[in-house]
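Next up, data-v6.csv (CSV, C-alpha atoms):
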chain,number,residue,atom,x,y,z
A,1,MET,CA,27.3,-0.1,-17.8
A,2,ALA,CA,28.4,-0.9,-21.3
A,3,ASP,CA,24.8,-0.7,-22.4
A,4,ARG,CA,24.6,2.8,-21.1
A,5,GLU,CA,27.7,3.8,-23.1
A,6,PHE,CA,27.1,2.0,-26.3
A,7,VAL,CA,23.3,1.7,-26.6
A,8,PHE,CA,21.3,4.1,-24.5
A,9,GLY,CA,23.8,6.9,-24.7
A,10,ARG,CA,23.1,7.2,-28.5
A,11,PRO,CA,20.8,10.0,-29.6
A,12,ASP,CA,19.0,7.8,-32.2
A,13,VAL,CA,18.2,5.1,-29.7
A,14,GLN,CA,17.1,7.7,-27.1
A,15,LYS,CA,14.8,9.4,-29.6
A,16,ILE,CA,12.9,6.3,-30.6
A,17,LEU,CA,12.6,5.1,-27.0
A,18,ARG,CA,11.4,8.5,-25.7
A,19,GLU,CA,8.9,9.1,-28.5
A,20,GLN,CA,7.5,5.6,-29.3
A,21,PHE,CA,7.8,3.4,-26.3
A,22,VAL,CA,7.0,3.3,-22.6
A,23,ILE,CA,10.4,2.3,-21.1
A,24,VAL,CA,11.0,0.3,-18.0
A,25,ALA,CA,14.1,-1.1,-16.4
A,26,ALA,CA,14.1,-4.0,-14.0
A,27,ASP,CA,16.3,-6.5,-12.1
A,28,ASP,CA,15.9,-10.0,-13.5
A,29,TRP,CA,17.0,-11.6,-10.3
A,30,TYR,CA,13.7,-10.6,-8.7
A,31,GLN,CA,11.3,-10.8,-11.7
A,32,ARG,CA,12.3,-14.3,-12.8
A,33,ARG,CA,11.6,-15.6,-9.3
A,34,GLN,CA,8.7,-13.7,-7.9
A,35,ASN,CA,5.5,-15.8,-7.6
A,36,ASP,CA,2.9,-13.2,-8.1
A,37,ALA,CA,0.9,-11.5,-11.0
A,38,LEU,CA,3.9,-9.3,-11.9
A,39,GLY,CA,6.4,-12.1,-12.1
A,40,LYS,CA,4.0,-14.4,-13.9
A,41,PHE,CA,3.3,-11.6,-16.5
A,42,PHE,CA,7.0,-11.0,-17.1
A,43,ARG,CA,7.7,-14.7,-17.5
A,44,SER,CA,4.7,-15.1,-19.8
A,45,VAL,CA,6.3,-12.5,-22.1
A,46,ALA,CA,9.9,-13.8,-21.8
A,47,ASP,CA,8.8,-17.3,-22.5
A,48,GLN,CA,7.6,-16.3,-26.0
A,49,GLY,CA,11.2,-15.5,-26.8
A,50,PRO,CA,14.5,-17.4,-26.8
A,51,ARG,CA,15.2,-17.0,-23.0
A,52,LYS,CA,12.8,-19.2,-21.2
A,53,GLY,CA,14.9,-19.3,-18.0
A,54,ALA,CA,15.2,-23.1,-17.9
A,55,GLY,CA,16.2,-24.3,-14.4
A,56,GLY,CA,15.7,-20.9,-13.0
A,57,GLY,CA,18.3,-19.3,-15.3
A,58,THR,CA,18.5,-15.8,-16.4
A,59,ARG,CA,16.0,-14.1,-18.7
A,60,GLN,CA,18.0,-10.9,-19.0
A,61,GLY,CA,17.9,-8.9,-22.3
A,62,ARG,CA,15.9,-6.2,-24.0
A,63,TYR,CA,12.2,-6.9,-24.7
A,64,ALA,CA,9.6,-5.1,-26.6
A,65,PHE,CA,6.0,-6.2,-26.0
A,66,SER,CA,2.4,-4.9,-25.7
A,67,ALA,CA,0.5,-4.1,-22.5
A,68,SER,CA,-1.5,-7.2,-23.3
A,69,GLY,CA,1.6,-9.3,-23.1
A,70,THR,CA,2.4,-10.1,-26.8
A,71,LEU,CA,6.2,-10.2,-27.4
A,72,LEU,CA,7.2,-8.0,-30.3
A,73,GLY,CA,11.0,-8.3,-30.1
A,74,PHE,CA,14.0,-9.5,-28.1
A,75,ASN,CA,17.7,-8.7,-28.2
A,76,ASN,CA,20.6,-9.2,-25.8
A,77,ASN,CA,23.3,-7.5,-27.8
A,78,ARG,CA,25.2,-4.3,-27.3
A,79,ASP,CA,25.4,-3.4,-30.9
A,80,PRO,CA,23.2,-0.3,-31.1
A,81,GLN,CA,22.3,-0.9,-34.7
A,82,ARG,CA,20.9,-4.3,-33.8
A,83,ILE,CA,18.9,-2.7,-31.0
A,84,LEU,CA,17.5,0.0,-33.4
A,85,ASN,CA,16.5,-2.7,-35.9
A,86,MET,CA,14.7,-4.6,-33.1
A,87,LEU,CA,12.9,-1.5,-32.0
A,88,ARG,CA,11.7,-0.6,-35.5
A,89,GLU,CA,10.6,-4.1,-36.2
A,90,SER,CA,8.8,-4.2,-32.9
A,91,LEU,CA,6.9,-1.0,-33.8
A,92,ARG,CA,5.8,-2.5,-37.1
A,93,LYS,CA,4.6,-5.6,-35.3
A,94,TYR,CA,2.8,-3.4,-32.8
A,95,GLU,CA,0.9,-1.6,-35.5
A,96,ALA,CA,-0.2,-4.9,-36.9
A,97,LEU,CA,-1.8,-6.0,-33.6
A,98,PRO,CA,-5.6,-6.0,-33.3
A,99,ALA,CA,-7.0,-2.6,-32.2
A,100,GLY,CA,-8.0,-4.0,-28.8
A,101,GLU,CA,-4.4,-4.6,-28.0
A,102,ARG,CA,-2.8,-1.4,-29.2
A,103,LYS,CA,-5.2,1.5,-29.3
A,104,ALA,CA,-4.9,4.0,-26.4
A,105,GLY,CA,-7.2,3.0,-23.6
A,106,ALA,CA,-8.5,-0.1,-25.4
A,107,PHE,CA,-6.7,-2.8,-23.3
A,108,LYS,CA,-7.6,-2.9,-19.6
A,109,VAL,CA,-4.7,-3.9,-17.4
A,110,PRO,CA,-5.9,-5.6,-14.2
A,111,THR,CA,-5.4,-3.8,-11.0
A,112,LEU,CA,-2.4,-5.0,-9.0
A,113,ASN,CA,-2.6,-4.6,-5.2
A,114,PRO,CA,0.9,-3.9,-3.8
A,115,GLY,CA,0.0,-6.2,-0.9
A,116,ALA,CA,-0.4,-9.1,-3.4
A,117,LEU,CA,3.3,-9.0,-4.4
A,118,ASP,CA,5.5,-11.8,-3.4
A,119,GLU,CA,7.1,-10.2,-0.4
A,120,ARG,CA,10.2,-12.4,-0.7
A,121,TYR,CA,11.1,-10.3,-3.8
A,122,ALA,CA,9.4,-7.0,-3.1
A,123,ARG,CA,11.8,-4.2,-2.1
A,124,PRO,CA,9.6,-1.1,-1.9
A,125,LEU,CA,11.1,2.1,-0.8
A,126,THR,CA,9.4,2.9,2.6
A,127,GLN,CA,8.8,6.3,4.1
A,128,ASP,CA,11.5,5.7,6.8
A,129,THR,CA,14.2,5.0,4.3
A,130,VAL,CA,17.0,7.5,3.5
A,131,VAL,CA,18.4,7.0,0.0
A,132,MET,CA,22.0,7.9,-0.8
A,133,LYS,CA,23.3,7.8,-4.4
A,134,VAL,CA,26.6,5.8,-4.5
A,135,HIS,CA,29.0,6.5,-7.4
A,136,GLY,CA,32.4,4.8,-7.8
A,137,ARG,CA,35.2,5.6,-10.1
A,138,VAL,CA,38.8,4.4,-10.8
A,139,LEU,CA,41.2,7.3,-10.6
A,140,GLU,CA,44.8,8.1,-11.2
A,141,ARG,CA,47.2,10.7,-9.8
A,142,ASP,CA,48.1,13.7,-12.0
A,143,ARG,CA,51.5,15.3,-12.2
A,144,LYS,CA,50.8,17.3,-9.0
A,145,GLY,CA,49.8,14.2,-7.1
A,146,ASN,CA,46.1,15.1,-7.1
A,147,TYR,CA,43.4,12.6,-7.9
A,148,ALA,CA,42.2,12.8,-11.5
A,149,ALA,CA,39.9,10.8,-13.9
A,150,CYS,CA,41.6,8.1,-16.0
A,151,GLY,CA,39.9,9.3,-19.1
A,152,GLU,CA,36.5,9.1,-20.8
A,153,PRO,CA,34.9,5.7,-21.4
A,154,GLY,CA,35.6,5.8,-25.1
A,155,ALA,CA,33.7,4.2,-27.9
A,156,ASN,CA,35.0,0.6,-28.3
A,157,ASN,CA,32.6,-0.1,-31.1
A,158,LYS,CA,34.2,-3.4,-32.1
A,159,SER,CA,33.7,-5.5,-29.0
A,160,PHE,CA,31.3,-3.1,-27.2
A,161,ARG,CA,33.3,-3.7,-24.0
A,162,HIS,CA,33.8,-0.7,-21.9
A,163,THR,CA,37.1,0.4,-20.3
A,164,GLY,CA,35.7,0.7,-16.8
A,165,PHE,CA,36.7,4.4,-16.6
A,166,GLY,CA,33.1,5.6,-16.3
A,167,VAL,CA,31.2,6.3,-13.1
A,168,SER,CA,29.3,3.4,-11.5
A,169,THR,CA,25.9,3.8,-9.7
A,170,ASP,CA,24.3,2.1,-6.8
A,171,HIS,CA,22.1,3.2,-3.8
A,172,LEU,CA,22.7,3.0,-0.1
A,173,TRP,CA,19.6,2.6,2.1
A,174,LEU,CA,19.7,3.9,5.6
A,175,LYS,CA,16.8,4.2,8.1
A,176,GLU,CA,15.7,7.5,9.5
A,177,ALA,CA,16.0,6.1,13.0
A,178,GLU,CA,19.7,5.2,12.3
A,179,LEU,CA,20.5,8.8,11.4
A,180,GLU,CA,18.5,10.2,14.3
A,181,GLN,CA,20.3,7.8,16.7
A,182,LEU,CA,23.7,8.9,15.3
A,183,THR,CA,22.9,12.6,15.7
A,184,ALA,CA,21.5,12.1,19.2
A,185,LEU,CA,24.6,10.1,20.3
A,186,ALA,CA,27.0,12.7,18.8
A,187,LEU,CA,25.1,15.5,20.6
A,188,LYS,CA,25.7,13.7,23.9
A,189,ASN,CA,29.4,13.0,23.2
A,190,PRO,CA,31.2,16.0,21.9
A,191,GLN,CA,34.5,14.1,21.5
A,192,GLY,CA,32.9,12.0,18.8
A,193,VAL,CA,31.1,8.6,18.5
A,194,ALA,CA,31.4,5.5,16.5
A,195,VAL,CA,28.8,5.2,13.7
A,196,PRO,CA,26.5,2.3,14.7
A,197,ARG,CA,28.2,-0.9,13.7
A,198,ALA,CA,25.3,-2.2,11.4
A,199,VAL,CA,25.5,1.1,9.4
A,200,ALA,CA,29.3,1.1,9.2
A,201,MET,CA,29.4,-2.5,8.1
A,202,ARG,CA,26.6,-2.0,5.6
A,203,ILE,CA,28.6,0.8,4.0
A,204,ALA,CA,31.9,-1.1,4.0
A,205,ARG,CA,30.8,-4.5,3.0
A,206,PHE,CA,28.3,-3.6,0.3
A,207,HIS,CA,29.3,-0.2,-1.0
A,208,LEU,CA,33.1,0.1,-0.8
A,209,VAL,CA,33.3,-2.2,-3.8
A,210,ASP,CA,34.6,-1.7,-7.3
A,211,ASN,CA,31.5,-2.1,-9.5
A,212,THR,CA,32.9,-0.1,-12.4
A,213,ARG,CA,33.2,-3.1,-14.7
A,214,GLY,CA,30.2,-5.2,-13.7
A,215,GLU,CA,28.4,-6.8,-10.8
A,216,PRO,CA,31.0,-6.8,-7.9
A,217,PRO,CA,31.6,-9.3,-5.2
A,218,HIS,CA,30.8,-7.9,-1.8
A,219,TRP,CA,33.0,-8.3,1.3
A,220,ASN,CA,32.1,-10.9,3.9
A,221,LEU,CA,32.5,-10.3,7.6
A,222,GLU,CA,36.0,-11.8,7.9
A,223,GLU,CA,37.2,-9.6,5.0
A,224,VAL,CA,36.6,-6.4,7.0
A,225,ARG,CA,40.1,-6.3,8.5
A,226,LYS,CA,39.8,-2.7,9.8
A,227,LEU,CA,36.8,-0.3,10.0
A,228,ILE,CA,36.7,2.9,11.9
A,229,LEU,CA,33.8,5.3,11.1
A,230,ARG,CA,33.2,8.2,13.5
A,231,ALA,CA,30.9,11.2,13.7
A,232,THR,CA,31.9,14.3,15.6
A,233,MET,CA,29.7,17.2,16.4
A,234,GLN,CA,31.3,20.5,15.1
A,235,PRO,CA,31.0,23.6,17.2
A,236,LYS,CA,28.2,25.9,16.1
A,237,ALA,CA,29.6,29.0,14.4
A,238,ALA,CA,27.9,32.3,14.8
A,239,GLY,CA,25.2,32.7,12.2
A,240,ALA,CA,25.5,29.1,11.0
A,241,ARG,CA,22.4,27.8,9.2
A,242,HIS,CA,22.8,24.3,10.6
A,243,SER,CA,21.3,23.2,13.9
A,244,THR,CA,23.7,20.2,13.9
A,245,ASN,CA,26.9,19.6,11.9
A,246,LEU,CA,28.5,16.2,12.2
A,247,ARG,CA,31.9,15.6,10.7
A,248,ILE,CA,32.2,12.0,9.4
A,249,THR,CA,35.7,10.5,9.3
A,250,GLY,CA,37.0,7.0,9.0
A,251,ALA,CA,39.5,4.5,7.8
A,252,PHE,CA,39.1,1.0,6.4
A,253,HIS,CA,41.0,-2.1,5.2
A,254,LEU,CA,39.1,-4.7,3.3
A,255,GLU,CA,40.9,-7.8,1.9
A,256,THR,CA,40.1,-11.3,0.9
A,257,LYS,CA,41.8,-14.2,2.7
A,258,ASP,CA,44.1,-14.9,-0.2
A,259,GLY,CA,45.0,-11.2,-0.5
A,260,LYS,CA,44.1,-11.1,-4.2
A,261,ARG,CA,41.4,-8.4,-3.8
A,262,GLY,CA,41.4,-5.5,-1.4
A,263,TYR,CA,40.6,-1.9,-0.8
A,264,THR,CA,42.2,0.3,1.9
A,265,GLY,CA,41.6,4.0,2.5
A,266,GLU,CA,39.9,6.8,4.3
A,267,ILE,CA,36.4,8.3,4.6
A,268,SER,CA,35.5,11.9,5.1
A,269,GLY,CA,32.2,13.8,4.9
A,270,PHE,CA,29.5,15.5,6.9
A,271,LEU,CA,25.9,15.1,8.0
A,272,ARG,CA,24.1,18.4,8.7
A,273,THR,CA,20.6,19.5,9.6
A,274,ILE,CA,19.5,22.9,8.3
A,275,SER,CA,17.9,24.9,11.2
A,276,LYS,CA,15.0,26.4,9.3
A,277,THR,CA,13.8,23.5,7.2
A,278,ARG,CA,15.1,20.5,9.1
A,279,ALA,CA,16.3,19.2,5.8
A,280,ARG,CA,19.5,17.2,5.7
A,281,GLU,CA,22.8,17.7,3.9
A,282,PHE,CA,24.7,14.4,3.9
A,283,GLN,CA,27.6,13.3,1.9
A,284,PHE,CA,30.9,11.5,2.3
A,285,VAL,CA,33.6,10.1,0.2
A,286,ALA,CA,35.9,7.0,0.5
A,287,VAL,CA,39.2,7.1,-1.3
A,288,GLY,CA,42.2,4.8,-1.3
A,289,GLN,CA,44.0,2.0,-3.1
A,290,HIS,CA,42.0,-0.9,-4.6
A,291,TRP,CA,43.4,-4.1,-6.1
A,292,GLY,CA,42.0,-7.2,-7.7
A,293,GLU,CA,38.7,-8.1,-9.5
A,294,GLY,CA,35.7,-10.5,-9.2
A,295,THR,CA,34.1,-13.0,-11.5
A,296,TYR,CA,32.0,-10.3,-13.3
A,297,THR,CA,34.5,-7.4,-12.9
A,298,ARG,CA,37.4,-8.7,-15.0
A,299,GLY,CA,39.8,-6.2,-16.5
A,300,ALA,CA,41.0,-4.4,-13.3
A,301,ARG,CA,44.2,-2.4,-13.7
A,302,PRO,CA,47.2,-4.3,-12.4
A,303,GLY,CA,48.4,-3.6,-8.8
A,304,LYS,CA,47.1,-1.2,-6.3
A,305,THR,CA,45.4,1.8,-7.9
A,306,PRO,CA,43.3,4.8,-6.7
A,307,PHE,CA,39.6,4.2,-6.4
A,308,ALA,CA,36.9,6.5,-4.9
A,309,VAL,CA,33.3,6.0,-3.8
A,310,ALA,CA,31.1,9.1,-3.3
A,311,PHE,CA,27.8,9.0,-1.3
A,312,THR,CA,25.3,11.8,-1.7
A,313,LEU,CA,21.8,12.2,-0.3
A,314,ALA,CA,19.3,11.5,-3.2
A,315,ASP,CA,15.9,12.7,-4.1
A,316,SER,CA,13.6,9.7,-3.4
A,317,GLN,CA,10.9,11.3,-5.5
A,318,LYS,CA,12.8,10.4,-8.7
A,319,ALA,CA,12.1,6.9,-9.9
A,320,GLU,CA,15.7,6.1,-10.7
A,321,ASN,CA,16.7,6.9,-7.1
A,322,CYS,CA,14.1,4.3,-5.8
A,323,VAL,CA,16.1,1.4,-7.3
A,324,PRO,CA,17.0,-0.9,-4.4
A,325,PRO,CA,20.7,-1.4,-3.5
A,326,GLN,CA,22.3,-4.2,-5.4
A,327,ALA,CA,23.2,-6.0,-2.1
A,328,ILE,CA,19.6,-5.9,-0.6
A,329,ARG,CA,18.6,-9.2,-2.3
A,330,TRP,CA,19.0,-10.6,1.2
A,331,GLU,CA,17.3,-7.8,3.1
A,332,LYS,CA,18.1,-9.0,6.6
A,333,GLY,CA,21.7,-9.5,5.7
A,334,TYR,CA,21.9,-6.0,4.2
A,335,TYR,CA,20.5,-4.2,7.2
A,336,GLU,CA,22.2,-6.4,9.8
A,337,ALA,CA,25.6,-6.3,8.0
A,338,ASP,CA,27.4,-6.5,11.3
A,339,ARG,CA,25.9,-9.9,12.2
A,340,HIS,CA,25.5,-12.1,9.1
B,1,MET,CA,62.7,19.9,23.9
B,2,LYS,CA,59.6,21.9,24.5
B,3,ILE,CA,59.0,22.1,20.8
B,4,LEU,CA,59.4,18.3,20.5
B,5,LEU,CA,57.0,17.6,23.3
B,6,SER,CA,54.4,20.0,21.7
B,7,LEU,CA,54.7,18.1,18.4
B,8,LEU,CA,54.4,14.7,20.1
B,9,ALA,CA,51.2,16.0,21.8
B,10,LEU,CA,49.7,16.8,18.5
B,11,LEU,CA,50.5,13.4,17.0
B,12,PRO,CA,47.4,11.4,18.1
B,13,LEU,CA,45.2,14.2,16.7
B,14,ALA,CA,47.0,14.0,13.4
B,15,THR,CA,46.8,10.3,13.0
B,16,SER,CA,43.2,9.9,14.1
B,17,SER,CA,41.7,12.5,11.9
B,18,SER,CA,41.0,11.8,8.2
B,19,LYS,CA,43.5,13.1,5.7
B,20,ILE,CA,40.9,13.9,3.2
B,21,MET,CA,40.7,17.7,3.2
B,22,PRO,CA,37.4,19.6,2.5
B,23,LEU,CA,38.7,20.7,-0.9
B,24,GLN,CA,39.6,17.1,-1.8
B,25,LEU,CA,36.1,16.0,-0.6
B,26,ASP,CA,34.5,18.3,-3.2
B,27,GLN,CA,36.9,17.3,-5.9
B,28,LEU,CA,36.4,13.6,-5.3
B,29,ARG,CA,32.7,14.0,-5.2
B,30,GLU,CA,32.8,15.8,-8.5
B,31,LEU,CA,35.1,13.2,-10.1
B,32,CYS,CA,32.6,10.6,-9.0
B,33,THR,CA,29.6,12.4,-10.5
B,34,PRO,CA,28.5,11.2,-14.0
B,35,SER,CA,28.9,13.9,-16.6
B,36,LYS,CA,25.7,15.3,-18.3
B,37,SER,CA,26.7,13.6,-21.5
B,38,ALA,CA,27.3,10.3,-19.8
B,39,SER,CA,24.0,10.4,-17.9
B,40,GLY,CA,21.6,11.6,-20.6
B,41,TRP,CA,20.1,8.1,-21.0
B,42,LEU,CA,18.8,8.5,-17.4
B,43,GLU,CA,16.6,11.4,-18.6
B,44,LEU,CA,14.5,9.3,-20.9
B,45,GLY,CA,11.8,8.7,-18.3
B,46,TRP,CA,12.5,5.2,-17.2
B,47,GLU,CA,9.8,3.5,-15.1
B,48,ILE,CA,11.1,1.0,-12.5
B,49,ASP,CA,7.8,-0.8,-12.0
B,50,LEU,CA,6.7,-3.2,-14.8
B,51,TRP,CA,3.1,-3.0,-13.8
B,52,LYS,CA,3.0,0.8,-13.9
B,53,ALA,CA,4.7,0.7,-17.2
B,54,ARG,CA,2.1,-1.7,-18.4
B,55,GLU,CA,-0.8,0.5,-17.2
B,56,ARG,CA,0.9,3.6,-18.9
B,57,ALA,CA,1.4,1.7,-22.2
B,58,ALA,CA,-2.2,0.6,-22.3
B,59,ARG,CA,-3.4,4.2,-21.5
B,60,GLU,CA,-1.1,5.8,-24.1
B,61,GLY,CA,-1.4,3.1,-26.8
B,62,LYS,CA,2.4,2.5,-26.9
B,63,PRO,CA,4.5,-0.7,-26.8
B,64,ILE,CA,6.7,-1.4,-23.8
B,65,PHE,CA,10.5,-1.6,-23.9
B,66,LEU,CA,11.9,-3.5,-21.0
B,67,TRP,CA,15.6,-3.4,-20.2
B,68,GLU,CA,16.0,-6.5,-17.9
B,69,MET,CA,19.3,-7.3,-16.4
B,70,ASP,CA,20.7,-9.5,-13.6
B,71,GLY,CA,21.4,-6.5,-11.4
B,72,HIS,CA,19.2,-3.4,-11.9
B,73,PRO,CA,20.2,-1.4,-15.0
B,74,LEU,CA,19.7,1.9,-13.2
B,75,GLY,CA,21.9,0.7,-10.3
B,76,CYS,CA,24.2,-2.2,-9.5
B,77,THR,CA,27.2,-1.1,-11.7
Any chance you could put this one into structure tokens?
Amino acid sequence: MADREFVFGRPDVQKILREQFVIVAADDWYQRRQNDALGKFFRSVADQGPRKGAGGGTRQGRYAFSASGTLLGFNNNRDPQRILNMLRESLRKYEALPAGERKAGAFKVPTLNPGALDERYARPLTQDTVVMKVHGRVLERDRKGNYAACGEPGANNKSFRHTGFGVSTDHLWLKEAELEQLTALALKNPQGVAVPRAVAMRIARFHLVDNTRGEPPHWNLEEVRKLILRATMQPKAAGARHSTNLRITGAFHLETKDGKRGYTGEISGFLRTISKTRAREFQFVAVGQHWGEGTYTRGARPGKTPFAVAFTLADSQKAENCVPPQAIRWEKGYYEADRH
Amino acid sequence: MKILLSLLALLPLATSSSKIMPLQLDQLRELCTPSKSASGWLELGWEIDLWKARERAAREGKPIFLWEMDGHPLGCT
């Protein structure tokens, strides 16, 4: 998140990236492990730099390289000026490469069959997956007692450490069948139904987390002290454009055994189907009091403070919405969150 | 007494339904949406597949810039 604020939010960095490079973002956890042509290519580039991932360690950083695999530059610093210097130097090195490595269409990239990817580390977005954008934010109460933003992230240009006041991003993956099952159940039970346990636990354990200052710890099964998530079919109003209209409500209490980290609050939202198009409208929000921090989320505000997480249906045609959920590294554990 | 009983009858409904009102739902969703200025970096045309980026770079005659983090840079935090 600090990179977004201090490096990629800068117009001069954006201009050079947009105009002079093909830009790609990836999760090192997968790429440094996957035993296929893609993983091997990445490691062959990274190994030309300082981060060789000895003992399976991280290779994270910012790399510039040619399609042929020649490393041009590396940097793992949040100082935008150092990034800019690295980018300019990389362009100079690129221009000095033989024409066969740099001219448009000169280098032939071998075809990569998606089926040849190491399936232990491939997380493709399948047709039956529903993507929800998940944004978290620490909040405060204003004079009237309403929820309000704590302030803008600010430009901490000395340490390039962010305040954690910005909005975090992750993705929730649901299956079409899970939503269809929920709607069918709610139609049969007008008094309301519990959201299937696997879905409710997936949401609570992996997405009701404070990831505003870094990679968060998720909740284990025992840390889910209370979880109620219900869907209730709303009566159809005259002239309504929805064929189904489910109200989503819930309450949760998540807390570590030692009580040092927790999140307790409520959930509210809706899942609707538009009559004409069969398109969905789906969103819900969790809000409550959060306390504590994890190994990579240091700097939490002291005590119990307001924190919200918003879930909104995302357009899966956009590349940035196809990024897998952070918690899906163990895919079975993610989808069967009620069991493992 | 009748009034008290009526109020007691309403109690289970009041405690079982969420206290987040529709207005708050919209407000909270808005608070949790990144502002245009904070999300401009997302509009740069990021690829999320290294191989596709490699193919595009070869086709266009451009170098590749890879932002590689432990936790996906376009998600995770």
| Interface residues on chain A facing chain B, 6 Å, all atoms listed in the file, written as a PyMOL selection string | chain A and resi 8-9+18+21-29+60-67+102-105+107+109+135-137+167-170+211-212+214-215+249+310+326
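Atom pair CA of Arg59 in chain A / CA of Pro324 in chain A: separated by 19.5 Å.
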Query raised in the report: Taking (28.6, 6.2, -3.0) in the file's coordinates, which residues come within 8 Å, counting only C-alpha atoms, written as a list in words?
Result: Met132, Lys133, Val134, His135, Gly136, Thr169, Asp170, His171, Leu172, His207, Leu208, Phe284, Val285, Val309, Ala310, Phe311 and Thr312 of chain A
Notebook entry, point to check: Ala37 in chain A: which residues within 9 Å, counting all atoms listed in the file, same-chain residues fewer than 4 positions away excluded, as a ChimeraX atom specification?
Noted result: /A:41-42,112,116-118
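A straight line drawn from CA of Leu246 in chain A to CA of Arg272 in chain A is 6.0 Å long.
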ask   = So which one's closest to Ala337 in chain A, A:Ile203, A:Leu139, A:Ala198, A:Leu174? Using all atoms listed in the file, please.
value =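 Looking only at the distances to Ala337 in chain A, the closest residue turns out to be A:Ala198.
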Handout entry: Atomic distance CA of Gly39 in chain A - CA of Tyr121 in chain A, expressed in Å with one decimal
Key =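 It comes out at 9.7 Å.
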